[in-house]
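Notes to accompany the following structure.
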Amino acid sequence: MTIEKKTDGNSVELILKGWMDTQNAPLLAAALDELDPHPGSLVLDMTGLEYTSSAGIRQLVATHKRMNGALTLKHVSAEIMDVLRMTGLDRKLNIEP
């Protein structure tokens, strides 16, 4: 998985590409650790994210908690959206088209 960062004031957008699986999910936590100061809001652009495993889902939940709910997912694929619906996370996370 690759992560590209864009900043705009106190807002950060991370563009995720590839697979967020057991091996790659920690890259998201590492990218958040590099943000200083921690952003007021975080957008995860998932346009290029092809797959997420349970490890990726855990990382999304951890990121949501870490951001105190100031997390938005956008451009979520139909496959990943299905997983979010099955887990009930579609009702907890802010998801934009």
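Residues in the structure tokens are named by chain (A, B, ... in the order shown) and by number from 1 within that chain; ligands are numbered from 1 in the order shown.
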
Test item: residues at most 12 Å from A:His64, only C-alpha atoms, excluding those fewer than 2 positions along its chain, as a VMD selection string: chain A and resid 28 to 29 32 41 to 44 57 to 62 66 to 73 89 92 to 95

DSSP-assigned alpha helix (DSSP H) members of chain A, reported as a PyMOL selection string: chain A and resi 26-33+54-66+78-87

Kindly save the residues from that selection, with N, CA, C and O atoms included, as a compact mmCIF listing (two decimals), in the first residue's frame.
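selection11.txt, freshly written:
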```
# COMPACT_ATOMS: atom_id res chain seq x y z
N PRO A 26 -0.38 -1.33 9.18
CA PRO A 26 0.39 -0.46 10.08
C PRO A 26 0.96 0.79 9.39
O PRO A 26 1.33 1.75 10.07
N LEU A 27 1.02 0.80 8.07
CA LEU A 27 1.51 1.99 7.37
C LEU A 27 0.61 3.19 7.62
O LEU A 27 1.08 4.33 7.67
N LEU A 28 -0.69 2.96 7.80
CA LEU A 28 -1.61 4.06 8.09
C LEU A 28 -1.31 4.64 9.47
O LEU A 28 -1.24 5.86 9.63
N ALA A 29 -1.10 3.78 10.45
CA ALA A 29 -0.74 4.26 11.80
C ALA A 29 0.58 5.04 11.76
O ALA A 29 0.71 6.09 12.39
N ALA A 30 1.53 4.55 10.99
CA ALA A 30 2.83 5.23 10.87
C ALA A 30 2.66 6.60 10.22
O ALA A 30 3.29 7.58 10.64
N ALA A 31 1.79 6.69 9.20
CA ALA A 31 1.54 7.98 8.54
C ALA A 31 0.91 8.96 9.51
O ALA A 31 1.24 10.15 9.51
N LEU A 32 0.02 8.47 10.38
CA LEU A 32 -0.60 9.35 11.38
C LEU A 32 0.42 9.81 12.41
O LEU A 32 0.38 10.95 12.87
N ASP A 33 1.34 8.92 12.78
CA ASP A 33 2.38 9.27 13.75
C ASP A 33 3.27 10.39 13.23
O ASP A 33 3.82 11.16 14.01
N SER A 54 -9.38 -7.70 7.55
CA SER A 54 -9.83 -7.36 8.90
C SER A 54 -8.80 -6.47 9.59
O SER A 54 -9.17 -5.60 10.39
N ALA A 55 -7.54 -6.63 9.27
CA ALA A 55 -6.50 -5.76 9.84
C ALA A 55 -6.70 -4.32 9.38
O ALA A 55 -6.50 -3.37 10.15
N GLY A 56 -7.10 -4.15 8.13
CA GLY A 56 -7.39 -2.81 7.62
C GLY A 56 -8.61 -2.21 8.28
O GLY A 56 -8.63 -1.02 8.62
N ILE A 57 -9.63 -3.02 8.51
CA ILE A 57 -10.83 -2.55 9.20
C ILE A 57 -10.47 -2.12 10.62
O ILE A 57 -10.90 -1.07 11.09
N ARG A 58 -9.66 -2.93 11.29
CA ARG A 58 -9.21 -2.56 12.65
C ARG A 58 -8.47 -1.23 12.63
O ARG A 58 -8.63 -0.40 13.52
N GLN A 59 -7.66 -1.02 11.59
CA GLN A 59 -6.90 0.22 11.50
C GLN A 59 -7.83 1.41 11.26
O GLN A 59 -7.62 2.50 11.80
N LEU A 60 -8.89 1.22 10.47
CA LEU A 60 -9.86 2.30 10.26
C LEU A 60 -10.55 2.66 11.57
O LEU A 60 -10.75 3.84 11.88
N VAL A 61 -10.92 1.64 12.36
CA VAL A 61 -11.56 1.90 13.66
C VAL A 61 -10.59 2.63 14.58
O VAL A 61 -10.96 3.61 15.25
N ALA A 62 -9.34 2.18 14.63
CA ALA A 62 -8.34 2.83 15.48
C ALA A 62 -8.11 4.27 15.04
O ALA A 62 -7.96 5.17 15.89
N THR A 63 -8.11 4.52 13.74
CA THR A 63 -7.92 5.88 13.23
C THR A 63 -9.11 6.75 13.60
O THR A 63 -8.94 7.90 14.01
N HIS A 64 -10.31 6.21 13.48
CA HIS A 64 -11.52 6.94 13.88
C HIS A 64 -11.43 7.35 15.35
O HIS A 64 -11.71 8.50 15.70
N LYS A 65 -11.03 6.42 16.20
CA LYS A 65 -10.90 6.72 17.63
C LYS A 65 -9.80 7.74 17.88
O LYS A 65 -9.97 8.67 18.67
N ARG A 66 -8.69 7.57 17.20
CA ARG A 66 -7.55 8.47 17.38
C ARG A 66 -7.91 9.90 16.98
O ARG A 66 -7.45 10.86 17.59
N ALA A 78 -17.18 -0.23 -3.94
CA ALA A 78 -18.37 -1.03 -3.60
C ALA A 78 -17.99 -2.23 -2.75
O ALA A 78 -18.71 -2.57 -1.79
N GLU A 79 -16.87 -2.86 -3.05
CA GLU A 79 -16.45 -4.04 -2.29
C GLU A 79 -16.12 -3.69 -0.84
O GLU A 79 -16.53 -4.39 0.09
N ILE A 80 -15.38 -2.61 -0.66
CA ILE A 80 -15.03 -2.20 0.70
C ILE A 80 -16.26 -1.67 1.43
O ILE A 80 -16.44 -1.92 2.62
N MET A 81 -17.14 -0.99 0.71
CA MET A 81 -18.38 -0.51 1.32
C MET A 81 -19.22 -1.68 1.82
O MET A 81 -19.84 -1.59 2.89
N ASP A 82 -19.24 -2.78 1.08
CA ASP A 82 -19.96 -3.98 1.53
C ASP A 82 -19.42 -4.47 2.87
O ASP A 82 -20.19 -4.83 3.76
N VAL A 83 -18.11 -4.46 3.02
CA VAL A 83 -17.49 -4.89 4.29
C VAL A 83 -17.87 -3.93 5.41
O VAL A 83 -18.21 -4.35 6.52
N LEU A 84 -17.85 -2.63 5.12
CA LEU A 84 -18.23 -1.64 6.14
C LEU A 84 -19.68 -1.82 6.56
O LEU A 84 -20.02 -1.68 7.74
N ARG A 85 -20.55 -2.15 5.61
CA ARG A 85 -21.96 -2.39 5.93
C ARG A 85 -22.12 -3.65 6.79
O ARG A 85 -22.89 -3.66 7.75
N MET A 86 -21.41 -4.71 6.41
CA MET A 86 -21.52 -5.98 7.16
C MET A 86 -21.07 -5.82 8.61
O MET A 86 -21.59 -6.48 9.50
N THR A 87 -20.10 -4.95 8.83
CA THR A 87 -19.57 -4.74 10.18
C THR A 87 -20.31 -3.65 10.94
O THR A 87 -20.06 -3.45 12.13
```

Filtered DSSP result for chain A, state strand (DSSP E or B), as a ChimeraX atom specification: /A:2-8,11-20,41-52,71-74,94-96

Atom CA of A:Leu16 to atom CA of A:Met1, straight-line distance in Å: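 A separation of 6.9 Å between them.
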
Residue with smallest distance to A:Ser53 - pool A:Leu35, A:Met20, A:Ile3, A:Ile15, counting only C-alpha atoms: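 Using only C-alpha atoms, the shortest distance to A:Ser53 belongs to A:Met20.
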
Which residue of A:Glu4, A:Glu34, A:Glu50, A:Asp45 approaches A:Gly18 most closely, using only C-alpha atoms: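 For A:Gly18, the nearest of the candidates is A:Glu50.
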
Atomic separation - atom CA of A:Glu96 relative to atom CA of A:Lys74, Å: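 Computed distance, atom CA of A:Lys74 to atom CA of A:Glu96, equals 4.7 Å.
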
Top pick for closest residue to A:Gly48, considering A:Thr2, A:Arg91, A:Asn24, A:Glu13 and counting only C-alpha atoms: A:Thr2

Nearest to A:Leu14 by atom-to-atom distance, counting only C-alpha atoms, from A:Ser77, A:Tyr51, A:Pro97, A:Met46: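 Counting only C-alpha atoms, the residue closest to A:Leu14 is A:Met46.
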